[in-house]
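Structure data follow from start_4.csv (CSV, C-alpha atoms):
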```csv
chain,number,residue,atom,x,y,z
A,1,MET,CA,19.6,21.6,2.4
A,2,ASP,CA,19.9,17.8,2.9
A,3,TYR,CA,22.4,16.4,5.3
A,4,ASP,CA,23.2,13.1,7.0
A,5,ARG,CA,23.5,13.9,10.6
A,6,ARG,CA,24.8,10.5,11.7
A,7,ILE,CA,26.3,8.2,9.0
A,8,MET,CA,27.7,5.3,11.0
A,9,PRO,CA,30.2,2.9,9.4
A,10,ASN,CA,27.8,-0.1,9.7
A,11,GLY,CA,24.6,1.2,11.2
A,12,LEU,CA,23.4,-1.3,13.8
A,13,SER,CA,24.9,-3.0,16.8
A,14,PRO,CA,23.2,-6.4,16.1
A,15,ARG,CA,25.5,-7.0,13.1
A,16,THR,CA,28.5,-9.2,13.8
A,17,ASN,CA,30.5,-8.7,10.6
A,18,VAL,CA,31.2,-4.9,10.7
A,19,ASN,CA,33.4,-5.0,7.6
A,20,SER,CA,30.7,-6.1,5.2
A,21,PRO,CA,27.5,-4.3,4.0
A,22,PRO,CA,24.3,-5.4,5.7
A,23,ARG,CA,22.1,-7.9,3.9
A,24,VAL,CA,18.9,-5.8,4.4
A,25,SER,CA,18.4,-2.1,4.5
A,26,VAL,CA,15.3,-0.9,6.4
A,27,VAL,CA,14.1,2.5,5.2
A,28,ILE,CA,11.7,4.4,7.4
A,29,PRO,CA,10.4,7.7,5.9
A,30,THR,CA,8.8,10.0,8.5
A,31,TYR,CA,7.2,13.3,8.7
A,32,ASN,CA,5.8,14.7,12.0
A,33,CYS,CA,5.1,11.2,13.3
A,34,ASP,CA,6.8,11.5,16.7
A,35,ARG,CA,3.7,9.9,18.3
A,36,TYR,CA,4.3,6.5,16.6
A,37,LEU,CA,7.9,6.6,15.3
A,38,PRO,CA,9.5,4.9,18.4
A,39,GLU,CA,7.2,1.9,18.1
A,40,ALA,CA,8.2,1.5,14.5
A,41,ILE,CA,11.9,1.8,15.2
A,42,ASP,CA,11.7,-0.5,18.2
A,43,SER,CA,9.9,-3.2,16.1
A,44,VAL,CA,12.9,-3.2,13.7
A,45,LEU,CA,15.5,-3.4,16.5
A,46,SER,CA,13.5,-6.4,17.9
A,47,GLN,CA,13.8,-8.4,14.7
A,48,SER,CA,15.1,-11.9,15.0
A,49,TYR,CA,17.2,-11.4,11.8
A,50,PRO,CA,20.4,-9.6,12.7
A,51,ASP,CA,22.0,-8.5,9.5
A,52,TYR,CA,20.3,-5.2,8.8
A,53,GLU,CA,20.8,-1.4,8.9
A,54,VAL,CA,18.1,1.2,9.7
A,55,LEU,CA,17.8,4.4,7.7
A,56,VAL,CA,15.3,6.9,9.0
A,57,ILE,CA,14.6,9.6,6.4
A,58,ASP,CA,13.2,12.6,8.3
A,59,ASP,CA,11.2,14.6,5.6
A,60,GLY,CA,11.5,18.0,7.3
A,61,SER,CA,9.7,17.2,10.5
A,62,THR,CA,8.9,20.0,12.9
A,63,ASP,CA,7.9,17.9,15.9
A,64,ARG,CA,10.1,15.9,18.3
A,65,THR,CA,11.4,13.6,15.6
A,66,ALA,CA,15.0,14.8,15.8
A,67,GLU,CA,15.0,14.4,19.6
A,68,ILE,CA,13.6,10.9,19.3
A,69,LEU,CA,16.2,9.9,16.7
A,70,ASP,CA,19.0,11.3,18.9
A,71,GLY,CA,18.0,8.9,21.6
A,72,TYR,CA,18.8,5.8,19.4
A,73,GLY,CA,22.5,6.8,19.1
A,74,ASP,CA,24.4,4.6,16.6
A,75,ARG,CA,21.7,2.0,16.3
A,76,LEU,CA,20.3,3.8,13.2
A,77,ARG,CA,21.3,6.3,10.5
A,78,ALA,CA,19.2,9.5,10.7
A,79,ILE,CA,19.0,11.5,7.5
A,80,HIS,CA,17.3,14.9,7.4
A,81,GLN,CA,16.0,16.4,4.2
A,82,THR,CA,13.7,19.4,3.4
A,83,ASN,CA,10.0,18.4,3.2
A,84,GLN,CA,9.6,16.8,-0.3
A,85,GLY,CA,7.1,14.0,0.3
A,86,VAL,CA,7.2,10.3,1.1
A,87,ALA,CA,8.2,9.3,-2.5
A,88,ILE,CA,11.4,11.3,-2.5
A,89,ALA,CA,12.1,10.3,1.1
A,90,ARG,CA,11.9,6.7,0.2
A,91,ASN,CA,14.0,7.3,-2.9
A,92,HIS,CA,16.6,9.0,-0.7
A,93,GLY,CA,16.7,5.9,1.4
A,94,ILE,CA,17.1,3.6,-1.7
A,95,GLN,CA,20.1,5.6,-2.8
A,96,LEU,CA,21.8,5.5,0.6
A,97,ALA,CA,21.0,1.9,1.3
A,98,ARG,CA,23.8,-0.7,1.2
A,99,GLY,CA,21.8,-3.8,1.5
A,100,GLU,CA,20.9,-6.4,-1.2
A,101,PHE,CA,17.3,-6.1,0.0
A,102,ILE,CA,15.2,-3.1,1.0
A,103,ALA,CA,12.3,-3.2,3.4
A,104,PHE,CA,10.2,-0.1,3.8
A,105,LEU,CA,8.4,0.6,7.1
A,106,ASP,CA,6.0,3.5,7.4
A,107,ALA,CA,6.6,5.4,10.6
A,108,ASP,CA,3.2,4.6,12.0
A,109,ASP,CA,3.3,0.8,11.3
A,110,VAL,CA,4.9,-1.9,13.3
A,111,TRP,CA,6.6,-5.2,12.4
A,112,LEU,CA,6.3,-8.6,14.1
A,113,PRO,CA,9.7,-9.9,15.2
A,114,HIS,CA,10.1,-12.6,12.4
A,115,LYS,CA,9.4,-10.3,9.5
A,116,LEU,CA,12.9,-9.8,8.0
A,117,ASP,CA,14.0,-13.3,8.8
A,118,ALA,CA,11.0,-15.0,7.1
A,119,GLN,CA,11.2,-12.8,4.0
A,120,VAL,CA,15.0,-13.2,3.5
A,121,LYS,CA,14.6,-17.0,3.8
A,122,LEU,CA,11.9,-16.9,1.1
A,123,PHE,CA,14.1,-14.9,-1.2
A,124,GLU,CA,16.9,-17.5,-0.6
A,125,ALA,CA,14.6,-20.4,-1.2
A,126,CYS,CA,13.4,-18.9,-4.5
A,127,HIS,CA,16.9,-18.3,-5.6
A,128,GLN,CA,17.9,-21.9,-4.8
A,129,ALA,CA,14.9,-23.1,-6.9
A,130,GLY,CA,16.1,-21.0,-9.8
A,131,ASP,CA,13.3,-18.4,-9.5
A,132,SER,CA,14.3,-14.8,-10.1
A,133,VAL,CA,12.1,-13.0,-7.5
A,134,GLY,CA,12.3,-9.3,-7.0
A,135,MET,CA,9.5,-8.7,-4.5
A,136,VAL,CA,8.2,-10.7,-1.5
A,137,HIS,CA,4.9,-9.7,0.0
A,138,SER,CA,3.1,-10.9,3.2
A,139,GLY,CA,0.0,-10.4,5.2
A,140,TRP,CA,-0.9,-7.9,7.8
A,141,HIS,CA,-3.1,-7.1,10.8
A,142,ARG,CA,-5.2,-3.9,10.4
A,143,VAL,CA,-5.0,-2.2,13.8
A,144,ASP,CA,-6.3,1.0,15.4
A,145,HIS,CA,-4.1,3.9,16.7
A,146,THR,CA,-3.5,1.9,19.9
A,147,LEU,CA,-2.4,-1.2,18.0
A,148,GLN,CA,-5.6,-3.1,18.9
A,149,ARG,CA,-6.1,-5.6,16.2
A,150,GLN,CA,-9.2,-5.2,14.0
A,151,VAL,CA,-8.9,-7.7,11.1
A,152,GLU,CA,-6.3,-10.1,9.7
A,153,VAL,CA,-5.6,-9.6,6.0
A,154,CYS,CA,-4.3,-12.6,4.1
A,155,PRO,CA,-4.5,-11.5,0.4
A,156,TRP,CA,-3.0,-14.7,-1.0
A,157,LYS,CA,-6.3,-16.5,-0.2
A,158,THR,CA,-7.9,-14.3,-2.9
A,159,ILE,CA,-4.9,-13.7,-5.1
A,160,PRO,CA,-2.7,-16.7,-5.1
A,161,HIS,CA,-0.5,-15.5,-8.0
A,162,LEU,CA,0.8,-11.9,-7.9
A,163,ASP,CA,1.4,-11.3,-11.5
A,164,LEU,CA,0.7,-8.1,-13.3
A,165,GLU,CA,-2.9,-9.0,-13.9
A,166,GLY,CA,-3.3,-9.8,-10.2
A,167,TRP,CA,-1.8,-6.5,-9.1
A,168,LEU,CA,-4.0,-4.6,-11.5
A,169,GLN,CA,-7.2,-6.3,-10.5
A,170,TRP,CA,-6.7,-6.3,-6.8
A,171,LYS,CA,-3.9,-3.8,-5.9
A,172,PRO,CA,-3.0,-5.4,-2.6
A,173,VAL,CA,-0.1,-3.0,-2.1
A,174,LEU,CA,1.3,-2.3,1.4
A,175,PRO,CA,5.0,-1.3,1.4
A,176,SER,CA,5.4,-2.1,5.1
A,177,ALA,CA,4.5,-5.7,4.5
A,178,MET,CA,6.9,-6.1,1.5
A,179,MET,CA,10.6,-6.6,0.8
A,180,PHE,CA,12.4,-5.7,-2.5
A,181,ARG,CA,15.6,-6.4,-4.2
A,182,ARG,CA,17.4,-3.1,-4.3
A,183,ASP,CA,18.6,-3.6,-7.9
A,184,TRP,CA,15.0,-3.8,-9.1
A,185,LEU,CA,14.1,-0.5,-7.3
A,186,LEU,CA,17.1,1.2,-9.0
A,187,ARG,CA,16.1,-0.2,-12.4
A,188,ALA,CA,12.6,1.2,-11.9
A,189,ASP,CA,14.0,4.6,-10.7
A,190,GLY,CA,12.1,4.3,-7.4
A,191,PHE,CA,8.9,6.0,-6.5
A,192,ASP,CA,7.3,8.6,-8.8
A,193,PRO,CA,6.5,11.7,-6.7
A,194,ARG,CA,3.8,12.7,-9.2
A,195,PHE,CA,1.3,10.3,-7.6
A,196,PRO,CA,1.0,10.8,-3.9
A,197,PRO,CA,-0.3,8.9,-1.9
A,198,ALA,CA,-0.6,6.1,-4.5
A,199,GLU,CA,3.0,6.2,-5.6
A,200,ASP,CA,3.5,2.7,-4.1
A,201,THR,CA,0.8,1.2,-6.5
A,202,ASP,CA,2.4,3.0,-9.4
A,203,LEU,CA,5.8,1.5,-8.5
A,204,VAL,CA,4.6,-2.0,-8.1
A,205,LEU,CA,2.7,-1.9,-11.5
A,206,ARG,CA,5.9,-0.7,-13.2
A,207,LEU,CA,8.0,-3.4,-11.6
A,208,ALA,CA,5.5,-6.1,-12.6
A,209,LEU,CA,5.4,-4.8,-16.2
A,210,MET,CA,9.2,-4.9,-16.3
A,211,GLY,CA,9.1,-8.6,-15.4
A,212,CYS,CA,9.8,-8.3,-11.7
A,213,GLN,CA,8.3,-11.4,-10.1
A,214,THR,CA,6.5,-11.5,-6.7
A,215,ARG,CA,6.1,-14.3,-4.2
A,216,TRP,CA,3.8,-14.5,-1.2
A,217,LEU,CA,5.1,-15.2,2.2
A,218,GLU,CA,1.9,-16.6,3.6
A,219,GLU,CA,2.3,-15.2,7.0
A,220,VAL,CA,1.2,-12.0,8.8
A,221,THR,CA,4.3,-9.8,9.4
A,222,THR,CA,3.0,-6.3,9.9
A,223,LEU,CA,0.6,-4.2,12.0
A,224,TYR,CA,-0.9,-1.7,9.7
A,225,ARG,CA,-2.1,1.2,11.8
A,226,GLN,CA,-5.2,3.1,10.9
A,227,HIS,CA,-5.7,6.6,12.3
A,228,HIS,CA,-7.1,9.9,11.1
A,229,GLU,CA,-3.7,11.1,9.7
A,230,SER,CA,-2.9,7.8,7.8
A,231,ALA,CA,-3.0,7.6,4.0
A,232,MET,CA,-6.2,5.5,4.0
A,233,HIS,CA,-8.1,8.3,5.7
A,234,ARG,CA,-7.1,11.0,3.2
A,235,GLY,CA,-10.2,10.5,1.1
A,236,LEU,CA,-10.2,12.6,-2.0
A,237,PRO,CA,-6.4,12.8,-2.5
A,238,GLN,CA,-6.2,9.0,-2.3
A,239,ALA,CA,-9.0,8.5,-4.7
A,240,ARG,CA,-7.7,10.9,-7.3
A,241,SER,CA,-4.2,9.7,-7.0
A,242,LEU,CA,-5.2,6.0,-7.7
A,243,THR,CA,-7.3,7.1,-10.7
A,244,ARG,CA,-4.3,9.0,-12.1
A,245,VAL,CA,-2.0,6.0,-11.6
A,246,ILE,CA,-4.4,3.6,-13.4
A,247,ASP,CA,-5.0,6.1,-16.2
A,248,HIS,CA,-1.3,6.7,-16.6
A,249,PHE,CA,-0.6,3.0,-16.6
A,250,PHE,CA,-3.1,2.3,-19.4
A,251,SER,CA,-1.8,5.3,-21.4
A,252,ARG,CA,1.4,3.3,-22.0
A,253,THR,CA,2.1,2.0,-25.5
A,254,ASP,CA,4.1,-1.1,-24.4
A,255,LEU,CA,1.4,-3.0,-22.6
A,256,PRO,CA,1.0,-6.7,-23.7
A,257,PRO,CA,-2.3,-7.6,-25.4
A,258,THR,CA,-3.4,-9.7,-22.5
A,259,ILE,CA,-3.3,-6.7,-20.2
A,260,ARG,CA,-4.8,-4.3,-22.8
A,261,ARG,CA,-7.8,-6.7,-23.0
A,262,ILE,CA,-8.7,-6.3,-19.3
A,263,GLU,CA,-8.4,-2.5,-19.3
A,264,ARG,CA,-12.2,-1.9,-19.0
A,265,GLN,CA,-12.6,-4.5,-16.3
A,266,VAL,CA,-9.7,-3.0,-14.3
A,267,GLN,CA,-11.1,0.6,-14.7
A,268,TYR,CA,-14.6,-0.6,-13.7
A,269,SER,CA,-13.4,-2.4,-10.5
A,270,THR,CA,-11.1,0.5,-9.6
A,271,HIS,CA,-13.8,3.1,-9.8
A,272,VAL,CA,-16.2,1.0,-7.8
A,273,TRP,CA,-13.6,0.4,-5.1
A,274,ILE,CA,-12.8,4.1,-5.0
A,275,ALA,CA,-16.6,4.8,-4.7
A,276,TRP,CA,-16.7,2.5,-1.7
A,277,TYR,CA,-13.6,4.0,-0.2
A,278,LEU,CA,-15.1,7.5,-0.5
A,279,TYR,CA,-18.3,6.3,1.2
A,280,TYR,CA,-16.2,4.7,3.9
A,281,THR,CA,-14.3,8.1,4.4
A,282,SER,CA,-17.6,10.1,4.4
A,283,HIS,CA,-17.2,11.6,0.9
A,284,THR,CA,-20.6,10.5,-0.4
A,285,GLN,CA,-20.9,13.3,-2.9
A,286,THR,CA,-17.8,12.2,-4.7
A,287,MET,CA,-18.8,8.6,-4.3
A,288,GLY,CA,-21.6,9.2,-6.7
A,289,GLU,CA,-19.2,10.7,-9.2
A,290,TYR,CA,-17.1,7.6,-9.2
A,291,LEU,CA,-20.1,5.3,-9.5
A,292,LYS,CA,-21.2,7.3,-12.5
A,293,LYS,CA,-17.8,7.1,-14.0
A,294,SER,CA,-17.7,3.3,-13.5
A,295,LEU,CA,-20.8,3.0,-15.8
A,296,GLU,CA,-18.5,3.9,-18.8
A,297,TYR,CA,-16.6,0.6,-18.2
A,298,SER,CA,-19.4,-1.7,-17.0
A,299,HIS,CA,-20.4,-4.7,-19.1
A,300,TYR,CA,-23.4,-5.4,-16.9
A,301,SER,CA,-27.0,-4.3,-17.6
A,302,ALA,CA,-28.2,-1.3,-15.6
A,303,ILE,CA,-29.8,-3.3,-12.9
A,304,GLU,CA,-26.9,-5.8,-12.8
A,305,THR,CA,-24.5,-2.9,-12.4
A,306,VAL,CA,-26.3,-1.4,-9.4
A,307,ILE,CA,-26.5,-4.9,-7.8
A,308,ASN,CA,-22.8,-5.4,-8.4
A,309,TRP,CA,-22.1,-2.0,-6.8
A,310,ALA,CA,-24.0,-3.1,-3.7
A,311,GLU,CA,-22.4,-6.5,-3.6
A,312,SER,CA,-18.9,-4.9,-4.0
A,313,PHE,CA,-19.6,-2.5,-1.2
A,314,LEU,CA,-20.5,-5.4,1.1
A,315,VAL,CA,-17.3,-7.4,0.1
A,316,PHE,CA,-15.0,-4.4,0.5
A,317,SER,CA,-16.4,-3.5,3.9
A,318,LYS,CA,-16.1,-7.1,5.1
A,319,LYS,CA,-12.4,-7.2,4.0
A,320,TRP,CA,-11.9,-3.9,5.9
A,321,GLY,CA,-13.4,-5.4,9.0
A,322,LYS,CA,-16.5,-3.2,8.8
A,323,VAL,CA,-20.2,-4.0,8.7
A,324,ILE,CA,-22.0,-1.8,6.1
A,325,ASP,CA,-25.6,-0.8,6.7
A,326,MET,CA,-27.1,-1.2,3.2
A,327,SER,CA,-30.3,0.7,4.1
A,328,GLU,CA,-28.2,3.7,5.1
A,329,LEU,CA,-26.3,3.5,1.9
A,330,CYS,CA,-29.5,3.4,-0.1
A,331,LYS,CA,-30.8,6.4,1.7
A,332,THR,CA,-28.0,8.7,0.7
A,333,PRO,CA,-29.0,11.2,-2.0
A,334,GLU,CA,-26.0,10.3,-4.1
A,335,TRP,CA,-26.9,6.6,-4.2
A,336,GLN,CA,-30.6,7.4,-4.9
A,337,SER,CA,-29.9,9.9,-7.6
A,338,ILE,CA,-27.6,7.7,-9.7
A,339,THR,CA,-29.5,4.4,-9.2
A,340,CYS,CA,-32.9,5.9,-10.0
A,341,SER,CA,-31.5,7.7,-13.0
A,342,ILE,CA,-30.2,4.5,-14.7
A,343,ILE,CA,-32.9,1.9,-13.7
A,344,HIS,CA,-36.6,1.9,-13.3
A,345,ALA,CA,-36.5,0.8,-9.6
A,346,THR,CA,-36.3,2.5,-6.3
A,347,PRO,CA,-33.3,2.0,-3.9
A,348,ILE,CA,-35.6,0.2,-1.5
A,349,GLU,CA,-36.6,-2.3,-4.2
A,350,ILE,CA,-33.0,-2.9,-5.0
A,351,LEU,CA,-32.2,-3.4,-1.3
A,352,LYS,CA,-34.8,-6.2,-1.1
A,353,LYS,CA,-32.6,-8.3,-3.4
A,354,PHE,CA,-30.1,-8.7,-0.6
```
As structure tokens - that is how I would like this structure written.
Amino acid sequence: MDYDRRIMPNGLSPRTNVNSPPRVSVVIPTYNCDRYLPEAIDSVLSQSYPDYEVLVIDDGSTDRTAEILDGYGDRLRAIHQTNQGVAIARNHGIQLARGEFIAFLDADDVWLPHKLDAQVKLFEACHQAGDSVGMVHSGWHRVDHTLQRQVEVCPWKTIPHLDLEGWLQWKPVLPSAMMFRRDWLLRADGFDPRFPPAEDTDLVLRLALMGCQTRWLEEVTTLYRQHHESAMHRGLPQARSLTRVIDHFFSRTDLPPTIRRIERQVQYSTHVWIAWYLYYTSHTQTMGEYLKKSLEYSHYSAIETVINWAESFLVFSKKWGKVIDMSELCKTPEWQSITCSIIHATPIEILKKF
């Protein structure tokens, strides 16, 4: 049974007008994340922007989460539900939120103090300019489990315009670094629980297709924590989920011709990225399967395709703050098997091209 253990009239003490709804609703879904949850909550309570509420959706945690939430008293709203997954937890928060804007924060991530203030100001500036913007995105620092910064990610340098094509080609989705107008989330029916853990990519693609515009806040606002329990380390589930999301998107009959024309290109780049991601997460056997699948969508010759794979792996690794050893990659049985089967060259000969 779901129940709201502590529904406060206004949520947070920083607000000065207790008779009006907050401008921003912060939704933190959490499941057995007591190790990191206090840092996430504290980063919200330290925001320079005062007009917000915090809703923590506890998705059936069995650790110390309830005890931690008790310690915050009336500074947040703690809602408990049976374990149903992050998509339904976020949707629960959307339904309970009272703010014009919603900002999601994963329980293992951390915000910099200016995050809410800067994004609300950008929404306001867009509104004053006559632009109907439904999403604001920003940059992030990728950090380790101790919050030591590894690499700064500023996607707008590569993707200056976040239209539907940009989302499809690059998929720079990170809910913790974003802010949404609540009415757009309601129109889209929130997150689809069929696609964990890529339900966030599915939502953003649906919003963009509906005409929801995005603007970049060209600032870093979020510390995106990487650890062995985080979504980016889930390997096979993450890969399969993203594949299902892209396949489901292109199965639609209402796609504009401009988007339909780039389907093969999107499918190719998606499968190559997944292959790199599987290599990064030590799933080399499945890496080979996704490389082979990408061949169905490649417009390159055989040798050009293999070279593009290697170049893409180098680019993806650099963006992730990693240095890839190409000689080690070329020594894997999966890489050798697929490259030697489609071209008349050995992996070592290919490696010499770099």
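As for CA of Ser48 in chain A and CA of Arg225 in chain A, they are spaced 21.9 Å apart.
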Within 12 Å of Pro333 in chain A, counting all atoms listed in the file, which residues qualify if same-chain residues fewer than 6 places away don't, as a PyMOL selection string?
chain A and resi 284-288+339-341+347
Using 12 Å as the limit and counting only C-alpha atoms, can you tabulate each residue of range 77-140 of chain A that touches range 53-61 of chain A, with its shortest atom-to-atom distance in Å and the two atoms involved, as a Markdown table?
```
| residue | atom | partner | partner_atom | distance |
| --- | --- | --- | --- | --- |
| A:Arg77 | CA | A:Leu55 | CA | 4.9 |
| A:Ala78 | CA | A:Val56 | CA | 5.0 |
| A:Ile79 | CA | A:Ile57 | CA | 4.9 |
| A:His80 | CA | A:Asp58 | CA | 4.8 |
| A:Gln81 | CA | A:Asp59 | CA | 5.3 |
| A:Thr82 | CA | A:Gly60 | CA | 4.7 |
| A:Asn83 | CA | A:Gly60 | CA | 4.4 |
| A:Gln84 | CA | A:Asp59 | CA | 6.5 |
| A:Gly85 | CA | A:Asp59 | CA | 6.7 |
| A:Val86 | CA | A:Asp59 | CA | 7.4 |
| A:Ala87 | CA | A:Asp59 | CA | 10.1 |
| A:Ile88 | CA | A:Asp59 | CA | 8.7 |
| A:Ala89 | CA | A:Ile57 | CA | 5.9 |
| A:Arg90 | CA | A:Ile57 | CA | 7.4 |
| A:Asn91 | CA | A:Ile57 | CA | 9.6 |
| A:His92 | CA | A:Ile57 | CA | 7.4 |
| A:Gly93 | CA | A:Ile57 | CA | 6.6 |
| A:Ile94 | CA | A:Leu55 | CA | 9.5 |
| A:Gln95 | CA | A:Leu55 | CA | 10.8 |
| A:Leu96 | CA | A:Leu55 | CA | 8.2 |
| A:Ala97 | CA | A:Leu55 | CA | 7.6 |
| A:Arg98 | CA | A:Glu53 | CA | 8.3 |
| A:Gly99 | CA | A:Glu53 | CA | 7.8 |
| A:Glu100 | CA | A:Glu53 | CA | 11.3 |
| A:Phe101 | CA | A:Glu53 | CA | 10.7 |
| A:Ile102 | CA | A:Glu53 | CA | 9.8 |
| A:Ala103 | CA | A:Val54 | CA | 9.6 |
| A:Phe104 | CA | A:Leu55 | CA | 9.7 |
| A:Leu105 | CA | A:Val56 | CA | 9.5 |
| A:Asp106 | CA | A:Val56 | CA | 10.0 |
| A:Ala107 | CA | A:Val56 | CA | 9.0 |
| A:Leu116 | CA | A:Glu53 | CA | 11.6 |
```
Closest of A:Asp144, A:Asp200, A:Asp63, A:Asp51 to Val24 in chain A - atom-to-atom distances counting only C-alpha atoms
A:Asp51
Counting only C-alpha atoms, I want the residues whose atoms come within 8 Å of (10.2, 15.2, 15.8) in the file frame, returned as an MDAnalysis selection string.
chainID A and resid 31:34 61:68
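When the distance limit is 7 Å and only C-alpha atoms are what count, the residues near range 186-199 of chain A, minus those fewer than 4 positions from it on the same chain, are Ala87, Ile88, Asn91, Arg182, Leu203, Leu207, Ala231, Gln238, Ser241, Leu242 and Val245 of chain A.
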Could you make a table, as CSV, of the residues of range 204-250 of chain A that have an atom within 7 Å of an atom of range 108-115 of chain A, each with its nearest atom pair and distance in Å to one decimal, counting only C-alpha atoms, in chain and number order?
```
residue,atom,partner,partner_atom,distance
A:Thr221,CA,A:Lys115,CA,5.1
A:Thr222,CA,A:Trp111,CA,4.5
A:Leu223,CA,A:Val110,CA,5.0
A:Tyr224,CA,A:Asp109,CA,5.1
A:Arg225,CA,A:Asp109,CA,5.4
```
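Using all atoms listed in the file, the contacts of Tyr297 in chain A at a cut-off of 8 Å, with sequence neighbours closer than 5 positions omitted, comprise A:Arg264, A:Gln265, A:Gln267, A:Tyr268.
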Write out as a PyMOL selection string the residues lying within 12 Å of Ser282 in chain A, counting only C-alpha atoms and excluding same-chain residues fewer than 6 positions away.
chain A and resi 233-236+275-276+288+329+332+334
For a quick check of understanding, using all atoms listed in the file, which of A:Leu255, A:Ile324, A:Leu217, A:Val272 has the smallest distance to His161 in chain A?
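The answer is A:Leu217, which sits nearest to His161 in chain A.
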Straight-line distance linking CA of Gln128 in chain A with CA of Thr201 in chain A, stated in Å to one decimal
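Value for the CA of Gln128 in chain A-CA of Thr201 in chain A distance: 28.8 Å.
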